[in-house]
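data_24.cif follows (mmCIF, C-alpha atoms):
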```
data_data
#
loop_
_atom_site.group_PDB
_atom_site.id
_atom_site.type_symbol
_atom_site.label_atom_id
_atom_site.label_comp_id
_atom_site.auth_asym_id
_atom_site.auth_seq_id
_atom_site.Cartn_x
_atom_site.Cartn_y
_atom_site.Cartn_z
ATOM 1 C CA MET A 987 0.000 0.000 0.000
ATOM 2 C CA LYS A 988 1.411 3.374 -1.027
ATOM 3 C CA GLN A 989 1.878 6.149 1.508
ATOM 4 C CA SER A 990 -0.745 8.311 -0.214
ATOM 5 C CA GLU A 991 -3.307 5.499 0.069
ATOM 6 C CA LYS A 992 -2.482 5.064 3.769
ATOM 7 C CA THR A 993 -2.942 8.793 4.279
ATOM 8 C CA ARG A 994 -6.333 8.705 2.521
ATOM 9 C CA LEU A 995 -7.416 5.766 4.698
ATOM 10 C CA MET A 996 -6.339 7.570 7.864
ATOM 11 C CA VAL A 997 -8.177 10.732 6.810
ATOM 12 C CA MET A 998 -11.332 8.754 5.936
ATOM 13 C CA THR A 999 -11.040 6.902 9.271
ATOM 14 C CA ALA A 1000 -10.845 10.227 11.108
ATOM 15 C CA LEU A 1001 -13.816 11.585 9.149
ATOM 16 C CA PHE A 1002 -15.889 8.523 10.032
ATOM 17 C CA ALA A 1003 -14.817 8.784 13.686
ATOM 18 C CA ALA A 1004 -16.118 12.373 13.651
ATOM 19 C CA LEU A 1005 -19.372 11.315 11.952
ATOM 20 C CA ILE A 1006 -19.832 8.482 14.464
ATOM 21 C CA PHE A 1007 -19.129 10.906 17.315
ATOM 22 C CA VAL A 1008 -21.775 13.373 16.111
ATOM 23 C CA ALA A 1009 -24.350 10.651 15.359
ATOM 24 C CA THR A 1010 -23.781 9.090 18.791
ATOM 25 C CA ARG A 1011 -23.660 12.392 20.657
ATOM 26 C CA MET A 1012 -27.119 13.328 19.365
ATOM 27 C CA ASN A 1013 -28.913 11.001 21.713
ATOM 28 C CA ILE A 1014 -32.052 10.476 23.740
ATOM 29 C CA PRO A 1015 -31.589 9.368 27.363
ATOM 30 C CA THR A 1016 -33.810 6.388 28.222
ATOM 31 C CA GLY A 1017 -33.662 6.873 31.986
ATOM 32 C CA ILE A 1018 -32.605 3.239 32.438
ATOM 33 C CA ASN A 1019 -29.088 2.802 33.890
ATOM 34 C CA ASN A 1020 -27.655 5.756 31.929
ATOM 35 C CA ARG A 1021 -28.652 4.096 28.630
ATOM 36 C CA ILE A 1022 -29.134 6.297 25.600
ATOM 37 C CA ILE A 1023 -30.668 5.825 22.157
ATOM 38 C CA HIS A 1024 -28.673 7.194 19.215
ATOM 39 C CA ILE A 1025 -28.015 6.610 15.520
ATOM 40 C CA GLY A 1026 -24.243 6.256 15.807
ATOM 41 C CA ASP A 1027 -24.385 2.583 14.881
ATOM 42 C CA ALA A 1028 -25.727 3.513 11.427
ATOM 43 C CA ALA A 1029 -22.557 5.543 10.893
ATOM 44 C CA ILE A 1030 -20.468 2.574 12.058
ATOM 45 C CA TYR A 1031 -22.275 0.356 9.537
ATOM 46 C CA LEU A 1032 -21.514 2.858 6.765
ATOM 47 C CA ALA A 1033 -17.849 2.973 7.791
ATOM 48 C CA ALA A 1034 -17.766 -0.836 7.716
ATOM 49 C CA CYS A 1035 -19.096 -0.781 4.142
ATOM 50 C CA ILE A 1036 -16.444 1.659 2.927
ATOM 51 C CA LEU A 1037 -13.280 1.208 4.962
ATOM 52 C CA PRO A 1038 -11.165 -1.916 5.379
ATOM 53 C CA MET A 1039 -12.131 -3.720 8.603
ATOM 54 C CA PRO A 1040 -9.348 -2.491 10.933
ATOM 55 C CA TYR A 1041 -9.925 1.130 9.936
ATOM 56 C CA ALA A 1042 -13.695 0.856 10.378
ATOM 57 C CA MET A 1043 -13.164 -0.746 13.796
ATOM 58 C CA ILE A 1044 -10.857 2.088 14.854
ATOM 59 C CA SER A 1045 -13.297 4.769 13.671
ATOM 60 C CA GLY A 1046 -16.140 3.090 15.595
ATOM 61 C CA ALA A 1047 -14.118 2.777 18.799
ATOM 62 C CA ILE A 1048 -12.806 6.341 18.699
ATOM 63 C CA GLY A 1049 -16.013 8.064 17.582
ATOM 64 C CA ALA A 1050 -18.348 6.257 19.985
ATOM 65 C CA GLY A 1051 -15.779 6.339 22.809
ATOM 66 C CA LEU A 1052 -15.390 10.113 22.470
ATOM 67 C CA ALA A 1053 -19.166 10.507 22.431
ATOM 68 C CA ASP A 1054 -19.393 8.637 25.739
ATOM 69 C CA PHE A 1055 -16.593 10.809 27.114
ATOM 70 C CA MET A 1056 -18.487 13.970 26.159
ATOM 71 C CA THR A 1057 -21.948 12.788 27.261
ATOM 72 C CA PRO A 1058 -22.694 13.703 30.894
ATOM 73 C CA GLY A 1059 -23.042 10.552 32.987
ATOM 74 C CA ALA A 1060 -21.762 8.233 30.260
ATOM 75 C CA ALA A 1061 -18.052 8.168 31.103
ATOM 76 C CA LEU A 1062 -18.412 4.756 32.749
ATOM 77 C CA TRP A 1063 -19.364 3.351 29.313
ATOM 78 C CA ILE A 1064 -16.174 4.473 27.510
ATOM 79 C CA LEU A 1065 -14.262 1.197 27.910
ATOM 80 C CA PRO A 1066 -17.211 -1.105 27.122
ATOM 81 C CA THR A 1067 -18.037 1.074 24.103
ATOM 82 C CA MET A 1068 -14.478 0.945 22.795
ATOM 83 C CA ILE A 1069 -14.615 -2.851 23.040
ATOM 84 C CA ILE A 1070 -18.194 -3.432 21.778
ATOM 85 C CA LYS A 1071 -18.453 -0.984 18.850
ATOM 86 C CA PRO A 1072 -15.544 -2.510 16.887
ATOM 87 C CA LEU A 1073 -17.262 -5.900 17.247
ATOM 88 C CA LEU A 1074 -20.136 -4.605 15.090
ATOM 89 C CA VAL A 1075 -17.891 -4.121 12.044
ATOM 90 C CA PRO A 1076 -17.015 -7.720 10.984
ATOM 91 C CA PHE A 1077 -20.640 -8.435 10.052
ATOM 92 C CA PHE A 1078 -20.343 -6.041 7.090
ATOM 93 C CA THR A 1079 -18.261 -6.071 3.938
ATOM 94 C CA SER A 1080 -16.536 -3.258 2.096
ATOM 95 C CA LYS A 1081 -15.641 -5.560 -0.790
ATOM 96 C CA THR A 1082 -18.886 -5.363 -2.764
ATOM 97 C CA GLY A 1083 -19.729 -2.646 -5.247
ATOM 98 C CA LYS A 1084 -22.798 -1.555 -3.293
ATOM 99 C CA PHE A 1085 -23.816 -0.709 0.244
ATOM 100 C CA ILE A 1086 -26.952 -2.840 0.028
ATOM 101 C CA SER A 1087 -25.991 -6.501 -0.099
ATOM 102 C CA THR A 1088 -27.313 -9.598 1.613
ATOM 103 C CA ARG A 1089 -24.340 -9.637 3.965
ATOM 104 C CA ASN A 1090 -24.756 -5.986 4.942
ATOM 105 C CA ILE A 1091 -28.503 -6.329 5.560
ATOM 106 C CA VAL A 1092 -28.001 -9.455 7.686
ATOM 107 C CA GLY A 1093 -25.094 -7.583 9.288
ATOM 108 C CA THR A 1094 -27.442 -4.960 10.707
ATOM 109 C CA VAL A 1095 -29.345 -7.682 12.579
ATOM 110 C CA LEU A 1096 -26.225 -9.492 13.814
ATOM 111 C CA ALA A 1097 -24.503 -6.253 14.805
ATOM 112 C CA GLY A 1098 -27.632 -5.140 16.667
ATOM 113 C CA ILE A 1099 -27.768 -8.393 18.613
ATOM 114 C CA THR A 1100 -24.035 -8.197 19.336
ATOM 115 C CA GLY A 1101 -24.407 -4.662 20.675
ATOM 116 C CA LEU A 1102 -27.407 -5.583 22.837
ATOM 117 C CA ILE A 1103 -25.646 -8.601 24.334
ATOM 118 C CA GLY A 1104 -22.358 -6.741 24.753
ATOM 119 C CA TYR A 1105 -23.937 -3.831 26.587
ATOM 120 C CA ALA A 1106 -26.117 -6.135 28.717
ATOM 121 C CA ILE A 1107 -22.986 -7.965 29.866
ATOM 122 C CA ALA A 1108 -21.143 -4.684 30.475
ATOM 123 C CA GLU A 1109 -24.115 -3.308 32.402
ATOM 124 C CA GLY A 1110 -24.199 -6.451 34.532
ATOM 125 C CA PHE A 1111 -20.545 -6.009 35.465
ATOM 126 C CA ILE A 1112 -20.815 -2.242 36.016
ATOM 127 C CA PHE A 1113 -23.884 -2.405 38.250
ATOM 128 C CA GLY A 1114 -23.296 -5.862 39.728
ATOM 129 C CA ASN A 1115 -26.714 -7.110 38.632
ATOM 130 C CA PHE A 1116 -27.322 -9.190 35.528
ATOM 131 C CA ILE A 1117 -31.140 -9.147 35.848
ATOM 132 C CA ALA A 1118 -31.574 -5.383 35.319
ATOM 133 C CA PRO A 1119 -29.951 -5.412 31.849
ATOM 134 C CA LEU A 1120 -32.440 -8.066 30.733
ATOM 135 C CA ILE A 1121 -35.321 -5.811 31.725
ATOM 136 C CA GLY A 1122 -33.811 -2.926 29.729
ATOM 137 C CA ILE A 1123 -33.361 -4.910 26.491
ATOM 138 C CA PRO A 1124 -36.718 -3.949 24.909
ATOM 139 C CA VAL A 1125 -35.934 -0.230 25.283
ATOM 140 C CA ALA A 1126 -32.291 -0.757 24.318
ATOM 141 C CA ALA A 1127 -33.411 -2.601 21.155
ATOM 142 C CA LEU A 1128 -34.820 0.659 19.779
ATOM 143 C CA GLN A 1129 -31.288 1.872 19.062
ATOM 144 C CA PRO A 1130 -30.114 -0.979 16.787
ATOM 145 C CA ILE A 1131 -33.515 -1.117 15.086
ATOM 146 C CA GLY A 1132 -33.408 2.619 14.370
ATOM 147 C CA SER A 1133 -29.785 2.428 13.236
ATOM 148 C CA ALA A 1134 -30.567 -0.500 10.913
ATOM 149 C CA ILE A 1135 -33.486 1.344 9.326
ATOM 150 C CA LEU A 1136 -31.448 4.516 8.885
ATOM 151 C CA PHE A 1137 -28.517 2.544 7.446
ATOM 152 C CA VAL A 1138 -30.758 0.868 4.859
ATOM 153 C CA LEU A 1139 -32.287 4.211 3.835
ATOM 154 C CA ILE A 1140 -28.902 5.930 3.508
ATOM 155 C CA ALA A 1141 -27.347 2.885 1.818
ATOM 156 C CA TYR A 1142 -30.164 2.799 -0.730
ATOM 157 C CA ALA A 1143 -29.675 6.499 -1.468
ATOM 158 C CA PHE A 1144 -25.901 6.062 -1.770
ATOM 159 C CA ASP A 1145 -26.338 3.042 -4.071
ATOM 160 C CA THR A 1146 -28.718 5.071 -6.242
ATOM 161 C CA MET A 1147 -25.991 7.725 -6.536
ATOM 162 C CA LYS A 1148 -23.339 5.047 -7.186
ATOM 163 C CA LEU A 1149 -21.335 6.588 -4.358
ATOM 164 C CA LYS A 1150 -19.525 3.372 -3.423
ATOM 165 C CA SER A 1151 -17.460 3.208 -6.614
ATOM 166 C CA HIS A 1152 -16.555 6.892 -6.305
ATOM 167 C CA LEU A 1153 -15.414 6.483 -2.682
ATOM 168 C CA THR A 1154 -13.421 3.362 -3.543
ATOM 169 C CA ARG A 1155 -11.619 5.233 -6.339
ATOM 170 C CA GLN A 1156 -11.084 8.182 -3.981
ATOM 171 C CA LEU A 1157 -9.417 5.979 -1.369
ATOM 172 C CA LYS A 1158 -7.098 4.527 -3.984
ATOM 173 C CA GLY A 1159 -6.306 7.971 -5.413
ATOM 174 C CA ASN A 1160 -7.859 7.206 -8.830
ATOM 175 C CA VAL A 1161 -10.010 10.344 -9.014
ATOM 176 C CA SER A 1162 -9.565 12.676 -11.954
#
```

Whole structure, structure tokens version:
Amino acid sequence: MKQSEKTRLMVMTALFAALIFVATRMNIPTGINNRIIHIGDAAIYLAACILPMPYAMISGAIGAGLADFMTPGAALWILPTMIIKPLLVPFFTSKTGKFISTRNIVGTVLAGITGLIGYAIAEGFIFGNFIAPLIGIPVAALQPIGSAILFVLIAYAFDTMKLKSHLTRQLKGNVS
């Protein structure tokens, strides 16, 4: 990989981290154990469809971790977030010519389940009670459902614009 391609990947990773931060920071508190509902996961899914896996994982960890750092009362979630959010990325592929693919649609479901389970486990350890997270799952499920719907809508729009091929060429430096 040429240095210019590495630089483009790092810049795109930073841009996605910023997008994930903003999408996560715009949140709705649920009132249940400092849980929030946000659309940051949709941005992580988009990053996973564009960037190579390690870069998408880094952007998810940094963007969502910074959002927790900046959200009052959410600092205790920084470490779990920086572990869980990268685990959402492997369900998606950046190797197809489109955002909408069978793998990426199924990925929204698998990533949502992974996030729900990951945060339920983290909540159990943080609060010392593994029953309370089970009670909060129906409310917590609103976030991955909303992120999946938003991802599909944005992905459809991007596929209609043929944005994936343009971004792929941009990352490789093949833009005239």

Which is closer to A:Gly1026 than all the others in A:Ile1064, A:Val1008, A:Ile1014, A:Met1043, using only C-alpha atoms?
->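 Selected residue with least distance to A:Gly1026: A:Val1008.
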
Please expand the PyMOL selection byres ((chain A and resi 1030) around 8) into the concrete residues it hits in this file, giving the result as a compact mmCIF listing (two decimals) with C-alpha atoms, in the frame of the given file.
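In the end it all went to expr03.txt:
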```txt
# COMPACT_ATOMS: atom_id res chain seq x y z
CA PHE A 1002 -15.89 8.52 10.03
CA ILE A 1006 -19.83 8.48 14.46
CA GLY A 1026 -24.24 6.26 15.81
CA ASP A 1027 -24.38 2.58 14.88
CA ALA A 1028 -25.73 3.51 11.43
CA ALA A 1029 -22.56 5.54 10.89
CA TYR A 1031 -22.28 0.36 9.54
CA LEU A 1032 -21.51 2.86 6.76
CA ALA A 1033 -17.85 2.97 7.79
CA ALA A 1034 -17.77 -0.84 7.72
CA ALA A 1042 -13.70 0.86 10.38
CA SER A 1045 -13.30 4.77 13.67
CA GLY A 1046 -16.14 3.09 15.60
CA LYS A 1071 -18.45 -0.98 18.85
CA LEU A 1074 -20.14 -4.61 15.09
CA VAL A 1075 -17.89 -4.12 12.04
```

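Residue nearest A:Gly1110 within the list A:Thr1010, A:Val1125, A:Pro1066, A:Ala1053: A:Pro1066 [criterion: smallest interatomic distance, all atoms listed in the file].
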
Which residue gives the smallest distance to A:Ile1091 among A:Phe1055, A:Phe1111, A:Phe1078, A:Tyr1105, with all atoms listed in the file counted?
->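 Of the candidates, the smallest distance to A:Ile1091 is held by A:Phe1078.
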
Measure the distance from atom CA of A:Phe1113 to atom CA of A:Ala1097 in Å and round it to one decimal.
-> 23.8 Å

Decode the PyMOL selection byres ((chain A and resi 1057) around 12) for the given file into explicit residues and return them as a list in words.
->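 Selected by the PyMOL selection byres ((chain A and resi 1057) around 12) here: Phe1007, Val1008, Thr1010, Arg1011, Met1012, Asn1013, Ile1014, Pro1015, Asn1020, Arg1021, Ile1022, His1024, Ala1050, Gly1051, Leu1052, Ala1053, Asp1054, Phe1055, Met1056, Pro1058, Gly1059, Ala1060, Ala1061, Leu1062, Trp1063 and Ile1064 of chain A.
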
With a cut-off of 9 Å, could you pull out the residues of stretch 998-1071 of chain A touching stretch 1144-1159 of chain A and give me the nearest pair of atoms for each, distance in Å to one decimal, using all atoms listed in the file, ordered by chain and ascending number, as JSON lines?
```
{"residue": "A:Met998", "atom": "CA", "partner": "A:Leu1157", "partner_atom": "CA", "distance": 8.0}
{"residue": "A:Cys1035", "atom": "CA", "partner": "A:Lys1150", "partner_atom": "CA", "distance": 8.6}
{"residue": "A:Ile1036", "atom": "CA", "partner": "A:Lys1150", "partner_atom": "CA", "distance": 7.3}
{"residue": "A:Leu1037", "atom": "CA", "partner": "A:Thr1154", "partner_atom": "CA", "distance": 8.8}
```

In Å, how far is it from atom CA of A:Gly1093 to atom CA of A:Ala1134?
-> 9.1 Å

Residue nearest A:Pro1076 - candidates A:Tyr1041, A:Ile1107, A:Gly1122, A:Gly1017, atoms counted: all atoms listed in the file |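 Counting all atoms listed in the file, the residue closest to A:Pro1076 is A:Tyr1041.
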
Atomic separation - atom CA of A:Ile1044 relative to atom CA of A:Glu991, Å =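 Straight-line distance from atom CA of A:Glu991 to atom CA of A:Ile1044 works out to 16.9 Å.
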
Best match for closeness to A:Ala1126 among A:Thr999, A:Gln989, A:Ser1080, A:Thr1016, counting all atoms listed in the file = A:Thr1016

Given the file shown, determine the residues that the PyMOL selection byres ((chain A and resi 1119) around 8) selects; report them as a count of residues only.
-> 12

Nearest to A:Ala1047 among A:Val1092, A:Ile1131, A:Ala1009, A:Ile1069, with distances taken over all atoms listed in the file: which residue is it?
->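 Among A:Val1092, A:Ile1131, A:Ala1009, A:Ile1069, it is A:Ile1069 that comes nearest to A:Ala1047.
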